[in-house]
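Colleague: Here you go, this is data-v2.cif (mmCIF, C-alpha atoms).
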data_upload
#
loop_
_atom_site.group_PDB
_atom_site.id
_atom_site.type_symbol
_atom_site.label_atom_id
_atom_site.label_comp_id
_atom_site.auth_asym_id
_atom_site.auth_seq_id
_atom_site.Cartn_x
_atom_site.Cartn_y
_atom_site.Cartn_z
ATOM 1 C CA MET E 1 141.391 321.338 41.011
ATOM 2 C CA ASN E 2 139.041 318.776 42.564
ATOM 3 C CA ALA E 3 138.097 318.390 46.223
ATOM 4 C CA LEU E 4 136.700 315.668 48.456
ATOM 5 C CA ILE E 5 134.623 316.371 51.556
ATOM 6 C CA ILE E 6 134.400 313.511 54.059
ATOM 7 C CA VAL E 7 131.680 314.194 56.619
ATOM 8 C CA ASP E 8 132.242 312.939 60.171
ATOM 9 C CA PRO E 9 134.228 309.708 59.621
ATOM 10 C CA GLN E 10 134.639 309.330 63.373
ATOM 11 C CA VAL E 11 134.894 306.246 65.554
ATOM 12 C CA ASP E 12 131.593 306.877 67.353
ATOM 13 C CA PHE E 13 129.735 306.899 64.010
ATOM 14 C CA VAL E 14 131.536 303.827 62.687
ATOM 15 C CA THR E 15 131.748 301.434 65.668
ATOM 16 C CA GLY E 16 130.989 303.545 68.738
ATOM 17 C CA SER E 17 128.056 305.019 70.613
ATOM 18 C CA LEU E 18 126.156 306.140 67.487
ATOM 19 C CA ALA E 19 127.331 303.554 64.965
ATOM 20 C CA VAL E 20 125.620 303.568 61.577
ATOM 21 C CA ALA E 21 124.905 300.259 59.851
ATOM 22 C CA GLY E 22 127.308 299.765 56.953
ATOM 23 C CA ALA E 23 129.721 302.447 58.167
ATOM 24 C CA PRO E 24 132.763 300.169 58.682
ATOM 25 C CA GLU E 25 132.510 298.802 55.138
ATOM 26 C CA SER E 26 131.922 302.264 53.659
ATOM 27 C CA ILE E 27 134.886 303.798 55.472
ATOM 28 C CA HIS E 28 137.195 300.952 54.448
ATOM 29 C CA THR E 29 136.064 301.271 50.810
ATOM 30 C CA LEU E 30 136.696 305.005 50.955
ATOM 31 C CA ALA E 31 140.105 304.550 52.593
ATOM 32 C CA LYS E 32 141.227 302.202 49.801
ATOM 33 C CA SER E 33 140.014 304.588 47.111
ATOM 34 C CA LEU E 34 141.988 307.568 48.387
ATOM 35 C CA ARG E 35 145.199 306.352 46.757
ATOM 36 C CA THR E 36 143.706 306.909 43.326
ATOM 37 C CA ALA E 37 141.189 309.662 44.062
ATOM 38 C CA PRO E 38 141.499 312.502 41.544
ATOM 39 C CA VAL E 39 141.529 315.222 44.214
ATOM 40 C CA ASP E 40 143.904 317.950 45.293
ATOM 41 C CA HIS E 41 142.251 318.839 48.612
ATOM 42 C CA ILE E 42 140.431 316.699 51.162
ATOM 43 C CA PHE E 43 138.247 318.328 53.799
ATOM 44 C CA VAL E 44 137.245 316.236 56.819
ATOM 45 C CA THR E 45 134.428 317.542 58.994
ATOM 46 C CA MET E 46 134.321 316.400 62.609
ATOM 47 C CA ASP E 47 131.890 316.640 65.484
ATOM 48 C CA CYS E 48 133.900 318.040 68.422
ATOM 49 C CA HIS E 49 131.313 318.205 71.179
ATOM 50 C CA PRO E 50 131.897 319.439 74.702
ATOM 51 C CA ILE E 51 131.097 316.823 77.330
ATOM 52 C CA ASP E 52 127.813 318.559 78.232
ATOM 53 C CA HIS E 53 126.531 319.132 74.688
ATOM 54 C CA MET E 54 122.814 319.844 74.340
ATOM 55 C CA SER E 55 122.309 317.152 71.670
ATOM 56 C CA PHE E 56 123.015 314.321 74.124
ATOM 57 C CA ASP E 57 119.916 312.541 75.405
ATOM 58 C CA GLU E 58 121.060 312.961 79.014
ATOM 59 C CA ASN E 59 120.924 316.742 78.414
ATOM 60 C CA GLY E 60 117.494 316.685 76.766
ATOM 61 C CA GLY E 61 118.777 316.071 73.217
ATOM 62 C CA SER E 62 117.971 313.228 70.880
ATOM 63 C CA TRP E 63 121.333 311.449 70.515
ATOM 64 C CA PRO E 64 123.509 309.334 72.807
ATOM 65 C CA ALA E 65 126.719 311.048 73.910
ATOM 66 C CA HIS E 66 129.113 310.963 70.945
ATOM 67 C CA CYS E 67 132.279 312.539 69.560
ATOM 68 C CA ILE E 68 133.220 314.238 72.813
ATOM 69 C CA LYS E 69 136.249 316.356 71.996
ATOM 70 C CA TYR E 70 139.547 314.575 72.780
ATOM 71 C CA SER E 71 137.802 311.212 73.331
ATOM 72 C CA THR E 72 138.511 308.003 71.448
ATOM 73 C CA GLY E 73 135.055 308.221 69.886
ATOM 74 C CA ALA E 74 135.848 311.633 68.371
ATOM 75 C CA ALA E 75 138.939 310.313 66.558
ATOM 76 C CA ILE E 76 138.956 309.761 62.808
ATOM 77 C CA GLU E 77 138.370 306.050 62.077
ATOM 78 C CA PRO E 78 141.893 304.525 62.144
ATOM 79 C CA THR E 79 141.893 302.898 58.687
ATOM 80 C CA LEU E 80 140.832 306.165 57.078
ATOM 81 C CA MET E 81 143.298 308.187 59.150
ATOM 82 C CA ASP E 82 146.111 305.911 58.032
ATOM 83 C CA SER E 83 145.119 306.471 54.396
ATOM 84 C CA LEU E 84 144.988 310.235 54.927
ATOM 85 C CA GLN E 85 148.462 310.189 56.458
ATOM 86 C CA HIS E 86 149.853 308.365 53.427
ATOM 87 C CA LEU E 87 148.433 310.585 50.715
ATOM 88 C CA PRO E 88 150.828 311.893 48.077
ATOM 89 C CA ASP E 89 152.419 315.210 49.010
ATOM 90 C CA SER E 90 150.401 316.878 46.271
ATOM 91 C CA VAL E 91 147.137 316.255 48.181
ATOM 92 C CA GLU E 92 146.387 318.579 51.082
ATOM 93 C CA PHE E 93 143.890 317.756 53.772
ATOM 94 C CA HIS E 94 142.046 320.026 56.168
ATOM 95 C CA PHE E 95 139.978 319.410 59.297
ATOM 96 C CA LEU E 96 136.775 321.367 59.954
ATOM 97 C CA GLU E 97 135.361 321.113 63.485
ATOM 98 C CA LYS E 98 131.670 321.550 64.192
ATOM 99 C CA GLY E 99 129.311 321.183 67.130
ATOM 100 C CA ILE E 100 131.793 322.877 69.448
ATOM 101 C CA GLU E 101 129.286 325.110 71.259
ATOM 102 C CA THR E 102 127.476 323.494 74.196
ATOM 103 C CA ASP E 103 124.102 325.021 73.345
ATOM 104 C CA GLN E 104 124.067 324.652 69.546
ATOM 105 C CA GLU E 105 123.340 321.666 67.312
ATOM 106 C CA GLN E 106 125.354 321.710 64.106
ATOM 107 C CA TYR E 107 124.720 319.054 61.478
ATOM 108 C CA SER E 108 126.845 320.789 58.842
ATOM 109 C CA ALA E 109 130.203 322.557 58.959
ATOM 110 C CA PHE E 110 128.995 324.755 56.097
ATOM 111 C CA GLU E 111 125.988 326.546 57.616
ATOM 112 C CA ASN E 112 127.650 329.939 57.705
ATOM 113 C CA GLY E 113 130.202 329.561 54.935
ATOM 114 C CA TYR E 114 132.738 327.249 53.371
ATOM 115 C CA PRO E 115 136.473 327.121 52.635
ATOM 116 C CA ALA E 116 137.297 329.517 49.776
ATOM 117 C CA LEU E 117 139.337 326.758 48.092
ATOM 118 C CA LEU E 118 136.045 325.119 47.112
ATOM 119 C CA ASP E 119 135.393 328.030 44.727
ATOM 120 C CA GLU E 120 138.396 326.844 42.701
ATOM 121 C CA ALA E 121 137.180 323.243 42.480
ATOM 122 C CA GLU E 122 135.837 321.875 39.243
ATOM 123 C CA LYS E 123 134.316 318.905 41.105
ATOM 124 C CA ILE E 124 133.527 318.502 44.793
ATOM 125 C CA TYR E 125 133.028 314.888 45.814
ATOM 126 C CA ILE E 126 131.180 314.456 49.097
ATOM 127 C CA CYS E 127 130.520 311.445 51.319
ATOM 128 C CA GLY E 128 130.413 310.492 54.976
ATOM 129 C CA ILE E 129 128.300 309.565 57.937
ATOM 130 C CA ALA E 130 125.385 309.685 58.363
ATOM 131 C CA GLY E 131 123.923 310.202 54.914
ATOM 132 C CA ASP E 132 120.480 311.170 56.187
ATOM 133 C CA VAL E 133 121.763 313.605 58.820
ATOM 134 C CA CYS E 134 125.101 315.380 58.484
ATOM 135 C CA VAL E 135 125.828 314.507 54.840
ATOM 136 C CA GLN E 136 122.460 315.709 53.568
ATOM 137 C CA ASN E 137 122.661 318.875 55.684
ATOM 138 C CA SER E 138 126.160 319.557 54.338
ATOM 139 C CA ILE E 139 124.883 319.101 50.777
ATOM 140 C CA LYS E 140 121.961 321.461 51.406
ATOM 141 C CA ASP E 141 124.248 324.126 52.873
ATOM 142 C CA LEU E 142 126.857 323.840 50.102
ATOM 143 C CA ALA E 143 124.115 323.998 47.465
ATOM 144 C CA GLY E 144 122.695 327.031 49.260
ATOM 145 C CA HIS E 145 126.094 328.699 48.883
ATOM 146 C CA GLY E 146 125.965 328.091 45.122
ATOM 147 C CA LEU E 147 128.163 324.983 44.946
ATOM 148 C CA GLY E 148 125.438 322.445 44.109
ATOM 149 C CA GLY E 149 126.465 322.140 40.462
ATOM 150 C CA LYS E 150 129.941 320.994 41.513
ATOM 151 C CA LEU E 151 128.809 318.391 44.059
ATOM 152 C CA ILE E 152 129.033 314.655 43.410
ATOM 153 C CA LEU E 153 127.801 312.322 46.151
ATOM 154 C CA LEU E 154 129.823 309.125 46.596
ATOM 155 C CA GLU E 155 126.907 306.835 47.381
ATOM 156 C CA ASP E 156 128.917 303.800 48.479
ATOM 157 C CA ALA E 157 130.663 305.887 51.144
ATOM 158 C CA SER E 158 127.563 307.531 52.627
ATOM 159 C CA PRO E 159 125.643 305.109 54.871
ATOM 160 C CA SER E 160 122.471 306.385 56.531
ATOM 161 C CA LEU E 161 120.617 305.759 59.764
ATOM 162 C CA ASP E 162 117.459 305.373 57.708
ATOM 163 C CA ASP E 163 117.185 303.266 54.550
ATOM 164 C CA GLY E 164 118.736 306.016 52.410
ATOM 165 C CA THR E 165 115.406 307.624 51.543
ATOM 166 C CA THR E 166 116.196 311.026 53.089
ATOM 167 C CA LEU E 167 119.512 311.433 51.288
ATOM 168 C CA SER E 168 118.035 310.191 47.994
ATOM 169 C CA ARG E 169 115.227 312.740 48.237
ATOM 170 C CA VAL E 170 117.675 315.624 48.837
ATOM 171 C CA ILE E 171 119.905 314.454 45.959
ATOM 172 C CA SER E 172 116.888 314.351 43.654
ATOM 173 C CA GLU E 173 115.452 317.709 44.796
ATOM 174 C CA LEU E 174 118.793 319.510 44.411
ATOM 175 C CA HIS E 175 119.821 317.678 41.210
ATOM 176 C CA ILE E 176 123.109 316.488 42.745
ATOM 177 C CA LYS E 177 125.199 314.088 40.684
ATOM 178 C CA THR E 178 126.130 310.715 42.170
ATOM 179 C CA SER E 179 128.982 308.257 41.740
ATOM 180 C CA ASN E 180 130.881 305.608 43.677
ATOM 181 C CA THR E 181 134.429 305.448 44.991
ATOM 182 C CA ASN E 182 135.485 303.165 42.140
ATOM 183 C CA ASN E 183 134.237 305.697 39.546
ATOM 184 C CA TYR E 184 135.582 309.053 40.734
#
Re-express the file's structure as structure tokens.
Modeller:
Amino acid sequence: MNALIIVDPQVDFVTGSLAVAGAPESIHTLAKSLRTAPVDHIFVTMDCHPIDHMSFDENGGSWPAHCIKYSTGAAIEPTLMDSLQHLPDSVEFHFLEKGIETDQEQYSAFENGYPALLDEAEKIYICGIAGDVCVQNSIKDLAGHGLGGKLILLEDASPSLDDGTTLSRVISELHIKTSNTNNY
């Protein structure tokens, strides 16, 4: 069994209030690749912030308001969602919400644990937005839970707010394998 983790492929990170350069192209590339991805389970993490979340700059945080639960910006990017809805029946997908507490920042859905299905995976592909924030924190947490040897970062589907330096450093430090969506 192989798994794919897609970190925060939400409208606000692609074209909305906290858009990441290169995100639209990365998400479209990922969406096209899902038809042939050698995975049995897809996990999609999502910011689901309350309207008064502490991370928003108007509340003393460092980010513009984004991914407010039930808003358009919190939705999965439409092209990717369409691809997820048309997966073969043999592929299951799961949503993991994070950032749901008003007074807690949460860059990874895996801080305190992970879905037990990941123990069964031979390979765990991971990608998403933003590479230098939520993707790298997810990788660190999963590696901390002992899954680092199974992780494979899909570089072409992981745009960063920075120039990619932060994610590259974490990948190097943790000895994480890398690939692209055309080479699953």
Colleague: For the PyMOL selection byres ((chain E and resi 41) around 6), applied here, can you spell out every residue it catches as a compact mmCIF listing (two decimals) with C-alpha atoms, in the frame of the given file?
Modeller:
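The result, written out as expr07.txt:
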# COMPACT_ATOMS: atom_id res chain seq x y z
CA ALA E 3 138.10 318.39 46.22
CA VAL E 39 141.53 315.22 44.21
CA ASP E 40 143.90 317.95 45.29
CA ILE E 42 140.43 316.70 51.16
CA VAL E 91 147.14 316.26 48.18
CA GLU E 92 146.39 318.58 51.08
CA PHE E 93 143.89 317.76 53.77
Colleague: Find the residue from E:Ile27, E:Met46, E:Val170, E:Leu4 that sits nearest to Ala75 of chain E; use all atoms listed in the file when measuring.
Modeller: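 Smallest distance to Ala75 of chain E is found for E:Met46.
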Colleague: Report as a ChimeraX atom specification all protein, DNA and RNA residues lying within 10 Å of Cys67 of chain E, evaluated on all atoms listed in the file, omitting residues in the same chain fewer than 2 positions from it.
Modeller: /E:8,10-13,16-18,46-51,64-65,69-76,99
Colleague: Would you list the residues near (142.4, 310.0, 51.4) (no more than 10 Å away, in the coordinates of the file, using only C-alpha atoms) as number ranges by chain?
Modeller: E: 4, 6, 30-37, 39, 41-44, 80-88, 91-93
Colleague: Would you list the residues near (129.1, 333.5, 56.7) (no more than 12 Å away, in the coordinates of the file, using all atoms listed in the file) as a PyMOL selection string?
Modeller: chain E and resi 109-116+141-142+144-145
Colleague: Which value, in Å to one decimal, gives the distance between atom CA of Pro159 of chain E and atom CA of Asp89 of chain E?
Modeller: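 These atoms are spaced 29.2 Å apart.
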Colleague: When you count only C-alpha atoms, which of these residues is closest to Val14 of chain E: E:Gly128, E:Glu105, E:Glu97, E:Glu155?
Modeller: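 Of all the options, E:Gly128 lies closest to Val14 of chain E.
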Colleague: Have a look at atom CA of Leu118 of chain E and atom CA of Leu154 of chain E and let me know their distance in Å, one decimal.
Modeller: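 Taking atom CA of Leu118 of chain E as the start and atom CA of Leu154 of chain E as the end point, the length is 17.2 Å.
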Colleague: Counting only C-alpha atoms, which residue out of E:Val135, E:His53, E:Ile68, E:Leu117 sits closest to Glu101 of chain E?
Modeller: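 Distance minimum relative to Glu101 of chain E lands on E:His53.
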Colleague: Provide segment 16-27 of chain E rebuilt to all heavy atoms, formatted as an mmCIF file, keeping the file's coordinate frame.
Modeller:
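Generated file (rebuild14.cif):
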data_model
loop_
_atom_site.group_PDB
_atom_site.id
_atom_site.type_symbol
_atom_site.label_atom_id
_atom_site.label_comp_id
_atom_site.auth_asym_id
_atom_site.auth_seq_id
_atom_site.Cartn_x
_atom_site.Cartn_y
_atom_site.Cartn_z
ATOM 1 N N GLY E 16 131.172 303.080 67.366
ATOM 2 C CA GLY E 16 130.989 303.545 68.738
ATOM 3 C C GLY E 16 129.546 303.760 69.147
ATOM 4 O O GLY E 16 128.637 303.043 68.721
ATOM 5 N N SER E 17 129.334 304.785 69.950
ATOM 6 C CA SER E 17 128.056 305.019 70.613
ATOM 7 C C SER E 17 126.901 305.359 69.670
ATOM 8 O O SER E 17 125.741 305.232 70.042
ATOM 9 C CB SER E 17 128.200 306.141 71.644
ATOM 10 O OG SER E 17 128.520 307.362 70.998
ATOM 11 N N LEU E 18 127.198 305.783 68.457
ATOM 12 C CA LEU E 18 126.156 306.140 67.487
ATOM 13 C C LEU E 18 126.493 305.527 66.125
ATOM 14 O O LEU E 18 126.399 306.149 65.076
ATOM 15 C CB LEU E 18 126.038 307.669 67.402
ATOM 16 C CG LEU E 18 124.824 308.298 66.735
ATOM 17 C CD1 LEU E 18 123.516 307.689 67.221
ATOM 18 C CD2 LEU E 18 124.819 309.795 66.961
ATOM 19 N N ALA E 19 126.901 304.264 66.171
ATOM 20 C CA ALA E 19 127.331 303.554 64.965
ATOM 21 C C ALA E 19 126.202 303.440 63.941
ATOM 22 O O ALA E 19 125.056 303.170 64.292
ATOM 23 C CB ALA E 19 127.842 302.166 65.328
ATOM 24 N N VAL E 20 126.554 303.641 62.693
ATOM 25 C CA VAL E 20 125.620 303.568 61.577
ATOM 26 C C VAL E 20 125.856 302.253 60.846
ATOM 27 O O VAL E 20 127.003 301.911 60.526
ATOM 28 C CB VAL E 20 125.828 304.771 60.630
ATOM 29 C CG1 VAL E 20 124.954 304.656 59.394
ATOM 30 C CG2 VAL E 20 125.565 306.084 61.366
ATOM 31 N N ALA E 21 124.784 301.528 60.579
ATOM 32 C CA ALA E 21 124.905 300.259 59.851
ATOM 33 C C ALA E 21 125.600 300.498 58.517
ATOM 34 O O ALA E 21 125.272 301.433 57.792
ATOM 35 C CB ALA E 21 123.515 299.653 59.622
ATOM 36 N N GLY E 22 126.576 299.659 58.205
ATOM 37 C CA GLY E 22 127.308 299.765 56.953
ATOM 38 C C GLY E 22 128.478 300.738 56.989
ATOM 39 O O GLY E 22 129.237 300.828 56.020
ATOM 40 N N ALA E 23 128.642 301.451 58.092
ATOM 41 C CA ALA E 23 129.721 302.447 58.167
ATOM 42 C C ALA E 23 131.114 301.828 58.084
ATOM 43 O O ALA E 23 131.966 302.361 57.367
ATOM 44 C CB ALA E 23 129.572 303.301 59.421
ATOM 45 N N PRO E 24 131.408 300.725 58.788
ATOM 46 C CA PRO E 24 132.763 300.169 58.682
ATOM 47 C C PRO E 24 133.142 299.816 57.238
ATOM 48 O O PRO E 24 134.234 300.162 56.771
ATOM 49 C CB PRO E 24 132.716 298.919 59.571
ATOM 50 C CG PRO E 24 131.647 299.208 60.563
ATOM 51 C CD PRO E 24 130.614 299.983 59.792
ATOM 52 N N GLU E 25 132.234 299.178 56.520
ATOM 53 C CA GLU E 25 132.510 298.802 55.138
ATOM 54 C C GLU E 25 132.689 300.042 54.258
ATOM 55 O O GLU E 25 133.602 300.087 53.419
ATOM 56 C CB GLU E 25 131.363 297.939 54.581
ATOM 57 C CG GLU E 25 131.167 296.626 55.304
ATOM 58 C CD GLU E 25 130.343 296.746 56.597
ATOM 59 O OE1 GLU E 25 129.765 297.816 56.891
ATOM 60 O OE2 GLU E 25 130.291 295.744 57.337
ATOM 61 N N SER E 26 131.840 301.036 54.449
ATOM 62 C CA SER E 26 131.922 302.264 53.659
ATOM 63 C C SER E 26 133.233 303.004 53.897
ATOM 64 O O SER E 26 133.870 303.470 52.950
ATOM 65 C CB SER E 26 130.758 303.198 53.999
ATOM 66 O OG SER E 26 129.546 302.637 53.593
ATOM 67 N N ILE E 27 133.644 303.091 55.142
ATOM 68 C CA ILE E 27 134.886 303.798 55.472
ATOM 69 C C ILE E 27 136.090 303.046 54.911
ATOM 70 O O ILE E 27 137.029 303.656 54.386
ATOM 71 C CB ILE E 27 135.008 304.008 56.997
ATOM 72 C CG1 ILE E 27 133.984 305.048 57.462
ATOM 73 C CG2 ILE E 27 136.414 304.409 57.394
ATOM 74 C CD1 ILE E 27 134.196 306.459 56.916
#
